[in-house]
Each structure stands twice: as structure tokens, then as C-alpha cells.
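**Q** Got a structure for you, start_32.txt, holding compact mmCIF, C-alpha atoms.
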# COMPACT_ATOMS: atom_id res chain seq x y z
CA MET A 15 0.00 0.00 0.00
CA THR A 16 3.01 2.32 -0.24
CA ASP A 17 2.83 2.26 -4.04
CA PRO A 18 2.23 5.95 -4.89
CA GLU A 19 -0.08 4.92 -7.69
CA GLY A 20 -2.23 3.03 -5.22
CA PRO A 21 -3.33 -0.59 -5.23
CA THR A 22 -3.79 -2.30 -8.57
CA ALA A 23 -6.02 -5.10 -7.30
CA GLY A 24 -8.87 -5.38 -4.86
CA PRO A 25 -11.30 -2.70 -3.70
CA ARG A 26 -9.78 0.59 -4.88
CA ARG A 27 -12.41 2.69 -6.65
CA TYR A 28 -14.98 4.89 -4.93
CA GLN A 29 -18.46 4.78 -6.46
CA ILE A 30 -22.04 4.94 -5.26
CA PRO A 31 -23.63 1.46 -5.31
CA ASP A 32 -27.23 1.04 -6.51
CA GLY A 33 -29.62 2.00 -3.77
CA ASP A 34 -26.97 3.68 -1.65
CA ASP A 35 -26.42 7.38 -1.12
CA ARG A 36 -22.68 7.64 -0.67
CA GLU A 37 -19.47 6.46 -2.28
CA ARG A 38 -18.10 3.06 -1.22
CA LEU A 39 -14.74 1.46 -1.93
CA THR A 40 -15.44 -1.03 -4.71
CA CYS A 41 -13.43 -3.60 -6.63
CA PRO A 42 -13.80 -2.85 -10.36
CA GLU A 43 -13.14 -6.49 -11.29
CA CYS A 44 -15.43 -8.46 -8.99
CA GLY A 45 -17.81 -5.78 -7.70
CA PHE A 46 -16.96 -6.47 -4.07
CA ILE A 47 -17.91 -3.50 -1.89
CA ALA A 48 -15.56 -2.90 1.03
CA TYR A 49 -17.85 -1.06 3.44
CA GLU A 50 -15.73 1.08 5.71
CA ASN A 51 -17.17 1.72 9.14
CA PRO A 52 -15.72 3.14 12.34
CA ARG A 53 -13.68 0.65 14.32
CA ILE A 54 -14.28 -0.15 17.95
CA VAL A 55 -11.52 0.18 20.52
CA VAL A 56 -12.22 -1.55 23.82
CA GLY A 57 -10.30 -0.56 26.92
CA VAL A 58 -10.38 -0.59 30.66
CA VAL A 59 -9.63 1.49 33.74
CA ALA A 60 -8.63 -1.26 36.17
CA ARG A 61 -8.00 -0.63 39.85
CA ALA A 62 -6.12 -2.75 42.36
CA ASP A 63 -7.35 -3.29 45.93
CA ASP A 64 -5.45 -0.20 47.02
CA GLU A 65 -7.19 1.82 44.28
CA ARG A 66 -4.09 2.20 42.16
CA ILE A 67 -4.80 2.22 38.42
CA VAL A 68 -3.11 0.04 35.79
CA LEU A 69 -1.27 1.86 33.00
CA CYS A 70 1.01 0.48 30.29
CA ARG A 71 4.03 2.19 28.78
CA ARG A 72 3.69 1.67 25.04
CA ALA A 73 6.31 -0.43 23.24
CA ILE A 74 4.77 0.10 19.79
CA PRO A 75 3.91 3.13 17.67
CA PRO A 76 2.22 5.51 17.90
CA ARG A 77 3.46 7.26 21.04
CA ILE A 78 6.13 4.76 22.06
CA GLY A 79 7.17 5.26 25.67
CA TYR A 80 3.98 7.07 26.71
CA TRP A 81 1.45 5.69 29.17
CA THR A 82 -1.90 4.32 28.08
CA LEU A 83 -4.79 2.28 29.40
CA PRO A 84 -4.99 -1.36 28.29
CA ALA A 85 -7.01 -0.99 25.08
CA GLY A 86 -7.11 -2.15 21.49
CA TYR A 87 -9.25 -3.04 18.52
CA MET A 88 -12.20 -5.30 19.24
CA GLU A 89 -11.97 -8.59 17.34
CA LEU A 90 -14.66 -10.56 15.51
CA GLY A 91 -16.50 -13.12 17.60
CA GLU A 92 -16.05 -11.51 21.01
CA THR A 93 -18.23 -9.24 23.09
CA ALA A 94 -17.01 -5.75 23.96
CA GLU A 95 -16.57 -6.89 27.56
CA ALA A 96 -14.52 -9.93 26.51
CA GLY A 97 -12.40 -7.71 24.28
CA ALA A 98 -11.63 -5.32 27.14
CA CYS A 99 -10.53 -8.27 29.31
CA ARG A 100 -8.43 -9.70 26.45
CA GLU A 101 -6.60 -6.40 25.99
CA ALA A 102 -5.92 -6.16 29.73
CA TRP A 103 -4.35 -9.60 29.58
CA GLU A 104 -2.39 -8.99 26.37
CA GLU A 105 -0.93 -5.65 27.42
CA ALA A 106 -0.65 -5.91 31.20
CA ARG A 107 -1.12 -9.60 32.04
CA ALA A 108 -3.96 -8.28 34.19
CA GLN A 109 -6.82 -10.48 35.32
CA LEU A 110 -9.88 -8.50 36.19
CA LYS A 111 -13.58 -8.31 36.78
CA LEU A 112 -15.45 -5.63 34.88
CA THR A 113 -17.74 -3.45 37.01
CA GLY A 114 -19.52 -1.54 34.25
CA LEU A 115 -19.21 0.71 31.23
CA LEU A 116 -17.44 3.97 32.01
CA ALA A 117 -17.70 5.85 28.72
CA VAL A 118 -18.25 5.80 24.98
CA TYR A 119 -15.99 8.17 23.04
CA SER A 120 -16.54 8.99 19.38
CA LEU A 121 -13.38 10.05 17.57
CA ALA A 122 -14.99 10.87 14.25
CA ARG A 123 -11.83 12.20 12.64
CA ILE A 124 -9.93 8.94 13.12
CA HIS A 125 -12.96 6.70 12.61
CA GLN A 126 -12.96 5.21 16.10
CA VAL A 127 -15.48 4.57 18.81
CA GLN A 128 -13.92 3.72 22.15
CA LEU A 129 -15.81 1.68 24.73
CA ILE A 130 -14.05 2.08 28.08
CA TYR A 131 -15.01 -0.19 30.98
CA ARG A 132 -14.29 0.01 34.69
CA ALA A 133 -12.76 -2.99 36.43
CA VAL A 134 -11.06 -4.31 39.54
CA LEU A 135 -8.03 -6.59 39.47
CA THR A 136 -8.81 -10.12 40.65
CA ASP A 137 -5.09 -10.90 40.98
CA PRO A 138 -2.60 -8.27 42.13
CA HIS A 139 0.10 -9.48 39.74
CA VAL A 140 0.57 -7.51 36.53
CA GLU A 141 3.43 -7.43 34.04
CA ALA A 142 4.20 -6.11 30.59
CA GLY A 143 2.85 -8.00 27.61
CA PRO A 144 4.57 -7.83 24.20
CA GLU A 145 3.11 -4.41 23.29
CA SER A 146 4.18 -2.77 26.56
CA GLN A 147 7.61 -1.67 27.78
CA SER A 148 6.40 -1.80 31.36
CA VAL A 149 3.25 -1.74 33.46
CA GLY A 150 2.68 0.64 36.34
CA LEU A 151 0.16 1.01 39.13
CA PHE A 152 -0.61 4.63 40.04
CA HIS A 153 -2.69 6.35 42.64
CA TYR A 154 -4.84 9.04 41.03
CA SER A 155 -2.74 11.79 42.61
CA GLU A 156 0.43 10.30 41.13
CA LEU A 157 -0.70 9.69 37.56
CA PRO A 158 1.82 10.68 34.85
CA TRP A 159 -0.45 13.32 33.28
CA ASP A 160 2.32 14.77 31.12
CA GLU A 161 3.24 11.41 29.68
CA LEU A 162 -0.18 10.07 28.66
CA ALA A 163 -0.32 8.69 25.14
CA PHE A 164 -3.70 10.00 24.01
CA PRO A 165 -6.35 12.55 25.08
CA THR A 166 -8.90 9.78 25.63
CA VAL A 167 -6.63 8.26 28.29
CA ARG A 168 -6.90 11.50 30.26
CA TRP A 169 -10.67 11.69 29.69
CA ALA A 170 -11.13 8.15 30.98
CA LEU A 171 -8.88 8.65 34.01
CA GLU A 172 -10.68 11.87 34.97
CA GLN A 173 -14.14 10.40 34.42
CA ASP A 174 -13.26 7.22 36.28
CA HIS A 175 -12.09 9.38 39.18
CA GLN A 176 -15.37 11.32 39.06
CA ALA A 177 -17.33 8.06 39.01
CA HIS A 178 -15.22 6.74 41.88
CA MET A 179 -15.85 9.83 44.03
CA GLU A 180 -19.47 10.59 43.14
CA GLY A 181 -20.92 7.29 42.01
CA HIS A 182 -21.85 6.57 38.46
CA GLY A 183 -24.85 5.15 36.69
CA GLU A 184 -24.33 2.71 33.91
CA ALA A 185 -25.73 1.97 30.51
CA PHE A 186 -27.46 -1.35 30.11
CA ALA A 187 -25.83 -4.26 28.30
CA ASN A 188 -27.15 -7.56 26.93
CA PRO A 189 -29.73 -9.01 29.33
CA THR A 190 -27.69 -11.62 31.20
CA ALA A 191 -29.95 -14.51 30.33
CA GLU A 192 -29.79 -13.67 26.66
CA GLU A 193 -26.20 -13.07 25.72
CA ASP A 194 -25.59 -13.59 22.08
CA MET B 8 -19.04 -12.33 -4.47
CA THR B 9 -21.52 -14.94 -5.69
CA ASP B 10 -18.83 -16.68 -7.71
CA PRO B 11 -18.67 -20.16 -6.12
CA GLU B 12 -14.92 -20.17 -6.53
CA GLY B 13 -14.67 -16.97 -4.56
CA PRO B 14 -13.12 -13.67 -5.53
CA THR B 15 -10.15 -13.76 -7.89
CA ALA B 16 -8.88 -10.32 -6.99
CA GLY B 17 -8.48 -8.30 -3.84
CA PRO B 18 -8.18 -9.51 -0.25
CA ARG B 19 -9.15 -13.19 -0.35
CA ARG B 20 -6.56 -15.30 1.48
CA TYR B 21 -6.42 -15.78 5.24
CA GLN B 22 -2.92 -15.73 6.70
CA ILE B 23 -1.25 -14.52 9.88
CA PRO B 24 0.65 -11.25 9.25
CA ASP B 25 4.09 -10.75 10.82
CA GLY B 26 3.70 -9.74 14.44
CA ASP B 27 0.03 -10.69 14.61
CA ASP B 28 -1.50 -13.69 16.33
CA ARG B 29 -4.50 -14.46 14.15
CA GLU B 30 -5.41 -14.91 10.51
CA ARG B 31 -6.35 -11.80 8.52
CA LEU B 32 -7.89 -11.48 5.07
CA THR B 33 -4.96 -10.57 2.82
CA CYS B 34 -4.50 -9.73 -0.85
CA PRO B 35 -1.87 -12.11 -2.27
CA GLU B 36 -0.88 -9.59 -4.97
CA CYS B 37 -0.44 -6.33 -3.10
CA GLY B 38 -0.24 -7.49 0.51
CA PHE B 39 -3.16 -5.32 1.59
CA ILE B 40 -4.61 -6.59 4.86
CA ALA B 41 -8.39 -6.18 5.17
CA TYR B 42 -8.81 -6.09 8.94
CA GLU B 43 -12.29 -7.24 9.81
CA ASN B 44 -13.75 -5.80 12.99
CA PRO B 45 -17.22 -5.73 14.47
CA ARG B 46 -19.47 -3.08 12.99
CA ILE B 47 -21.30 -0.50 15.03
CA VAL B 48 -25.07 -0.11 14.77
CA VAL B 49 -26.43 3.12 16.22
CA GLY B 50 -30.09 3.39 17.14
CA VAL B 51 -32.53 5.27 19.26
CA VAL B 52 -35.58 4.87 21.49
CA ALA B 53 -37.33 8.17 20.83
CA ARG B 54 -40.40 9.32 22.75
CA ALA B 55 -42.97 11.94 21.84
CA ASP B 56 -44.38 14.43 24.39
CA ASP B 57 -47.12 11.93 25.24
CA GLU B 58 -44.46 9.25 25.87
CA ARG B 59 -45.32 7.23 22.79
CA ILE B 60 -42.30 5.53 21.20
CA VAL B 61 -41.28 5.72 17.53
CA LEU B 62 -41.10 2.42 15.65
CA CYS B 63 -40.60 1.78 11.93
CA ARG B 64 -42.10 -1.05 9.91
CA ARG B 65 -39.22 -2.36 7.80
CA ALA B 66 -39.44 -2.02 4.01
CA ILE B 67 -36.14 -3.84 3.40
CA PRO B 68 -34.73 -7.26 4.28
CA PRO B 69 -34.21 -8.80 6.69
CA ARG B 70 -37.57 -9.00 8.48
CA ILE B 71 -39.62 -6.96 6.03
CA GLY B 72 -42.90 -5.84 7.59
CA TYR B 73 -41.69 -6.18 11.19
CA TRP B 74 -41.26 -3.28 13.57
CA THR B 75 -37.87 -1.93 14.55
CA LEU B 76 -36.27 1.05 16.21
CA PRO B 77 -34.61 3.62 13.95
CA ALA B 78 -31.10 2.17 13.70
CA GLY B 79 -28.37 1.40 11.20
CA TYR B 80 -24.66 1.16 10.56
CA MET B 81 -22.57 4.05 11.81
CA GLU B 82 -20.77 5.85 8.99
CA LEU B 83 -17.21 7.17 8.82
CA GLY B 84 -16.78 10.76 9.95
CA GLU B 85 -19.71 10.97 12.33
CA THR B 86 -20.04 10.53 16.08
CA ALA B 87 -22.23 7.76 17.44
CA GLU B 88 -24.72 10.38 18.58
CA ALA B 89 -24.84 12.01 15.14
CA GLY B 90 -25.32 8.58 13.56
CA ALA B 91 -28.28 7.81 15.80
CA CYS B 92 -29.90 11.14 14.84
CA ARG B 93 -29.17 10.50 11.14
CA GLU B 94 -30.85 7.09 11.28
CA ALA B 95 -33.90 8.58 13.01
CA TRP B 96 -34.20 11.09 10.19
CA GLU B 97 -33.56 8.58 7.39
CA GLU B 98 -36.00 5.96 8.63
CA ALA B 99 -38.69 7.97 10.44
CA ARG B 100 -38.13 11.61 9.40
CA ALA B 101 -37.86 12.16 13.14
CA GLN B 102 -36.11 15.17 14.60
CA LEU B 103 -34.94 14.58 18.11
CA LYS B 104 -32.74 15.48 21.01
CA LEU B 105 -30.70 12.69 22.53
CA THR B 106 -30.97 12.37 26.31
CA GLY B 107 -28.25 9.78 26.91
CA LEU B 108 -26.93 6.32 26.14
CA LEU B 109 -29.40 3.57 26.98
CA ALA B 110 -27.40 0.43 26.25
CA VAL B 111 -24.48 -1.25 24.52
CA TYR B 112 -25.29 -4.68 23.09
CA SER B 113 -22.61 -7.05 21.81
CA LEU B 114 -23.87 -9.50 19.19
CA ALA B 115 -20.67 -11.48 18.85
CA ARG B 116 -22.11 -14.06 16.49
CA ILE B 117 -23.10 -11.48 13.87
CA HIS B 118 -20.12 -9.18 14.52
CA GLN B 119 -22.14 -6.22 15.73
CA VAL B 120 -22.05 -3.82 18.63
CA GLN B 121 -25.22 -1.79 19.01
CA LEU B 122 -25.17 1.60 20.71
CA ILE B 123 -28.75 2.54 21.60
CA TYR B 124 -29.53 6.08 22.73
CA ARG B 125 -32.59 7.57 24.42
CA ALA B 126 -34.22 10.65 22.89
CA VAL B 127 -37.23 12.93 22.82
CA LEU B 128 -38.86 14.17 19.62
CA THR B 129 -38.36 17.89 19.08
CA ASP B 130 -41.05 17.94 16.39
CA PRO B 131 -44.15 15.75 16.65
CA HIS B 132 -44.20 15.03 12.91
CA VAL B 133 -42.81 11.69 11.78
CA GLU B 134 -43.18 9.80 8.51
CA ALA B 135 -41.69 6.82 6.74
CA GLY B 136 -38.32 7.25 5.05
CA PRO B 137 -37.28 5.07 2.08
CA GLU B 138 -36.36 2.04 4.23
CA SER B 139 -39.66 2.03 6.14
CA GLN B 140 -43.15 0.96 5.06
CA SER B 141 -44.67 3.09 7.80
CA VAL B 142 -43.87 4.74 11.10
CA GLY B 143 -45.88 4.24 14.26
CA LEU B 144 -46.06 5.86 17.69
CA PHE B 145 -46.87 3.40 20.46
CA HIS B 146 -47.52 3.66 24.16
CA TYR B 147 -45.47 1.06 26.02
CA SER B 148 -48.61 -0.94 26.85
CA GLU B 149 -49.55 -1.07 23.17
CA LEU B 150 -46.21 -2.09 21.64
CA PRO B 151 -46.38 -4.78 18.93
CA TRP B 152 -44.29 -7.30 20.88
CA ASP B 153 -45.11 -10.17 18.54
CA GLU B 154 -44.09 -8.23 15.47
CA LEU B 155 -40.70 -6.88 16.53
CA ALA B 156 -37.94 -7.42 13.98
CA PHE B 157 -35.05 -8.35 16.29
CA PRO B 158 -34.43 -9.43 19.92
CA THR B 159 -32.40 -6.27 20.55
CA VAL B 160 -35.48 -4.16 19.77
CA ARG B 161 -37.29 -5.87 22.63
CA TRP B 162 -34.27 -5.52 24.93
CA ALA B 163 -34.06 -1.79 24.23
CA LEU B 164 -37.80 -1.21 24.65
CA GLU B 165 -37.84 -3.07 27.96
CA GLN B 166 -34.71 -1.36 29.26
CA ASP B 167 -35.92 2.05 28.14
CA HIS B 168 -39.14 1.40 30.04
CA GLN B 169 -37.15 0.39 33.11
CA ALA B 170 -35.04 3.53 32.80
CA HIS B 171 -38.17 5.62 32.34
CA MET B 172 -39.80 4.19 35.47
CA GLU B 173 -36.81 3.88 37.77
CA GLY B 174 -34.32 6.42 36.50
CA HIS B 175 -31.14 5.49 34.78
CA GLY B 176 -27.52 6.47 35.11
CA GLU B 177 -25.49 7.07 32.03
CA ALA B 178 -22.08 6.31 30.73
CA PHE B 179 -19.87 9.28 30.02
CA ALA B 180 -19.19 10.51 26.50
CA ASN B 181 -16.65 12.89 25.01
CA PRO B 182 -16.12 15.83 27.36
CA THR B 183 -18.24 18.53 25.75
CA ALA B 184 -15.42 21.01 25.38
CA GLU B 185 -13.25 18.47 23.64
CA GLU B 186 -15.29 16.76 20.97
CA ASP B 187 -13.15 15.28 18.31
Would you mind writing the structure in this file as C-alpha cells?
**A**
Amino acid sequence: MTDPEGPTAGPRRYQIPDGDDRERLTCPECGFIAYENPRIVVGVVARADDERIVLCRRAIPPRIGYWTLPAGYMELGETAEAGACREAWEEARAQLKLTGLLAVYSLARIHQVQLIYRAVLTDPHVEAGPESQSVGLFHYSELPWDELAFPTVRWALEQDHQAHMEGHGEAFANPTAEED
Amino acid sequence: MTDPEGPTAGPRRYQIPDGDDRERLTCPECGFIAYENPRIVVGVVARADDERIVLCRRAIPPRIGYWTLPAGYMELGETAEAGACREAWEEARAQLKLTGLLAVYSLARIHQVQLIYRAVLTDPHVEAGPESQSVGLFHYSELPWDELAFPTVRWALEQDHQAHMEGHGEAFANPTAEED
């Protein structure tokens, strides 16, 4: 995809399909339409028993060396909740119990929706996974605000703190007896 | 994509990219990786001044003729909230003001996450858009439970009713001063 003339196979031409009202990326040979939709990032603000919060120092671009919450792209075949737990394991070897949805952030410009959950660690042990240089546990007053990787990390940390201090209602999820 | 031998151009081969841990749909010619992630459906439970709820009778498959909430795939470049309002306009010509996030449903089997908002109509006029046979306004006690298009429609109607009767906390969203 670094070819300056662009791809020469596969979906590569924008046109409006029959019955649609906007351009879609289409393959001129086979007619395949590659619908492009926002991607979901699932992440978690996880607290230890002493209320310290898990952050990971990024080992991969973008923002190598900066601190982030365990988070990443949701995969096919998992629930949002399962994805948040998977990311916590992959990036921080953290085992946790989700306690509810903290926030939904729309980042329209970069085509992302972030679903950030709250959680408590069920095992105090954490360590860096392959995408992290290190993992840290921080009290709210000691968070590395000047070294956070992304604005949404700050939003989530501040809103989690607000929820922690003031209480926090939650959106509903799948009825428990009827998970897909 | 109806060719029984499958596509002969574009991303069509599953293989594990370097540094990844699962198979991705890849183009054997150009190396393009078509990451497949769950898609986001945005929808809304919208109430009129008299507390009747907006439903649309579907004019398109699947489930033609059954009742659904205004909802559809989120598009690139919009927030989830804007997408929910867009769908309400497209399907029910409804103008509304969102009042918060009702629920997040993960439908892992069909690769969907649904973000369902609550709303009030700001104009009492509604009418069918091109994807609806008709639009109806229903009191909760009169909802067409046996003619709902999808299980999630029932979940949302029941949870909206619960929220309406008992109050309902909300997840956070983008801080208002910092929308992307």
C-alpha cells in the first residue's frame, strides 16, 4: 500500500452502489464493496485493591514510551466486555472483573469509537505484555499526566475518578440470560 | 461475491501477518490486509411528548414488515450520537434530542455492537423514510411485541421502560469542550 499509484487489485475505486447514497470502496473487477465503518476500541480502567490504576508504557507506535490504558481493537467473535478483558491480559497480564461501562468516546476524525469499561483486578500481579515496555500502578494523585499517550486516556482517568468519588450510573448491556 | 470459486482479486486469502496472532484477510498480490472488525449499529428509542415511542415497519430485508427502532450502521466521519440522529431522520423523518446512552449490546455471532440512545422528539411530525413501510407511535402498553424485527429491539424497549420508570444512570461521553 506504499505504491504511490495506489493498489492495482482489490477494492480501490470509490463509487455509489445502486440504492446507496454515498461512495463506497469497490473492486472494479469483482464488484466487491468494502464497506468502511468506524472501528471499535475496547479498553479498561482497572483498579487494584489499594485503588491504584493500571497503565502500560507503550512499546509500539504511535506514542512509544507514553502511558496508556490497556485498550485495542475489538476482534470478531467476542463481546465488547470480553475484548476489554483480552486487551488487559495482552498488554498488562492483568486479570480483572469488569464493574460496568465507564464511557463511549466517538473520535470521528480517526474513525474510532472507544468503549471504556471500569474494572477491579482479581489478581494483584501484573506485568508487561509484548506491546508494553512496562506496566505501572498509580494512585490518582500520582498519575503521569504529562506522559499520557492520548487525550482519551486522560478523559477516561478523569471520568473514572469522578465516578469513583461521586458514584456513576451505567448503561445497560445484553440481558444476562440472553447473551448472544 | 456470488462466484462459487470466490473472488479472484483483492483480499481473499487468510494468513497470519508478521507480528500478529491471528489470521487476517490478505490480498496475495499487493499485501493489503483487510482487517475485519465488528461493525457498530447506532439506534434510538425516541419518545414523543405523550411518551409514545417511535417504531418503523421495515421495508427492506431482513424481516420486512416487522417493527424496529430507527437504527443502522454508523458511517465514517460521524459521532455515534450524530449517527443515531441520522438514522432517526432517514427511517422515520424524526427530529430529536438525545438524552443519553441507553445500552451497549454485543452480538458477537453477527459481529455487531449496538449503541442505543434515548431521545425525545423535538417535532411531533414523523413519517416513513425510504427504508420504512410506515412509522408508528406506540404507548409502552400497546407495543407490537409479537411483530418486533429483532431481539435487541425488545431488549431496548424493555430497558428504556425500566429507565423511564426507575431512572437510569449514564455512561460518560466525550467531554463537551473536547469533541473530536
**Q** Tell me which protein, DNA and RNA residues are within 9 Å of B:Leu105, counting only C-alpha atoms, leaving out same-chain ones fewer than 3 positions away, and put them as a ChimeraX atom specification.
**A** /B:51,53,88,91-92,108,124-128
**Q** Residues of chain A near chain B: apply a cut-off of 6 Å, count only C-alpha atoms, and supply the list as a compact mmCIF listing (two decimals) with C-alpha atoms, in the coordinates of the input.
**A**
# COMPACT_ATOMS: atom_id res chain seq x y z
CA ALA A 23 -6.02 -5.10 -7.30
CA GLY A 24 -8.87 -5.38 -4.86
CA ASN A 51 -17.17 1.72 9.14
CA PRO A 52 -15.72 3.14 12.34
CA GLU A 89 -11.97 -8.59 17.34
CA LEU A 90 -14.66 -10.56 15.51
CA GLY A 91 -16.50 -13.12 17.60
CA GLU A 92 -16.05 -11.51 21.01
CA THR A 93 -18.23 -9.24 23.09
CA LEU A 116 -17.44 3.97 32.01
CA ALA A 117 -17.70 5.85 28.72
CA VAL A 118 -18.25 5.80 24.98
CA TYR A 119 -15.99 8.17 23.04
CA SER A 120 -16.54 8.99 19.38
CA LEU A 121 -13.38 10.05 17.57
CA ALA A 122 -14.99 10.87 14.25
CA ARG A 123 -11.83 12.20 12.64
CA HIS A 125 -12.96 6.70 12.61
CA GLY A 183 -24.85 5.15 36.69
CA GLU A 184 -24.33 2.71 33.91
CA ALA A 185 -25.73 1.97 30.51
CA PHE A 186 -27.46 -1.35 30.11
CA ALA A 187 -25.83 -4.26 28.30
CA ASN A 188 -27.15 -7.56 26.93
CA ASP A 194 -25.59 -13.59 22.08
**Q** For A:Arg71, list every protein, DNA or RNA residue within 6 Å, evaluated using all atoms listed in the file, and leave out those in the same chain fewer than 3 positions away; present the list as a ChimeraX atom specification.
**A** /A:79-81,146-148
**Q** Could you tell me how far atom CA of A:Leu157 sits from atom CA of A:Ala73, in Å to one decimal place?
**A**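 Spanning atom CA of A:Ala73 to atom CA of A:Leu157 is a straight-line distance of 18.9 Å.
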**Q** Can you list, as a list in words, every protein, DNA or RNA residue that comes within 10 Å of A:Tyr154 when you count all atoms listed in the file, leaving out same-chain residues fewer than 6 positions away?
**A**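 Close residues of A:Tyr154: Glu65, Arg66, Ile67, Leu171, Glu172, Asp174 and His175 of chain A.
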**Q** Within 8 Å of B:Gly136, counting only C-alpha atoms, which residues qualify if same-chain residues fewer than 3 places away don't, as a ChimeraX atom specification?
**A** /B:96-100,139-140
**Q** Nearest to B:Pro131: which of B:Ile23, B:Leu103, B:Val49, B:Ala156 is it, counting all atoms listed in the file?
**A**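 Of B:Ile23, B:Leu103, B:Val49, B:Ala156, the one nearest B:Pro131 is B:Leu103, counting all atoms listed in the file.
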**Q** Hey, can you check how far atom CA of B:Ala135 sits from atom CA of B:Cys63?
**A**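 Atom-to-atom, atom CA of B:Ala135 to atom CA of B:Cys63, that is 7.3 Å.
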**Q** Put a box with edges along x, y and z around all the listed atoms of stretch 42-61 of chain A, pad it by 3 Å on each side, then give me its centre and sizes in Å, one decimal, as AutoDock Vina command-line options.
**A**
--center_x -13.0 --center_y -2.7 --center_z 14.3 --size_x 15.9 --size_y 17.6 --size_z 57.1
**Q** Using only C-alpha atoms, which residue out of B:Glu173, B:Asp130, B:Asp57, B:Asp28 lies closest to B:His146?
**A**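 Among the listed residues, B:Asp57 lies closest to B:His146.
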**Q** What's the separation between atom CA of A:Val140 and atom CA of B:Arg29, in Å to one decimal place?
**A**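 Between atom CA of A:Val140 and atom CA of B:Arg29 the gap works out to 24.0 Å.
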**Q** Which residues are near A:Ile74? Cut-off 8 Å, all atoms listed in the file, ignore same chain within fewer than 2 positions. Put them as a PDB file with C-alpha atoms, keeping the file's coordinate frame.
**A**
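Result file is selection-v1.pdb:
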ATOM      1  CA  ARG A  72       3.690   1.670  25.040  1.00  0.00           C
ATOM      2  CA  PRO A  76       2.220   5.510  17.900  1.00  0.00           C
ATOM      3  CA  ARG A  77       3.460   7.260  21.040  1.00  0.00           C
ATOM      4  CA  ILE A  78       6.130   4.760  22.060  1.00  0.00           C
ATOM      5  CA  GLU A 145       3.110  -4.410  23.290  1.00  0.00           C
ATOM      6  CA  SER A 146       4.180  -2.770  26.560  1.00  0.00           C
TER       7      SER A 146
END
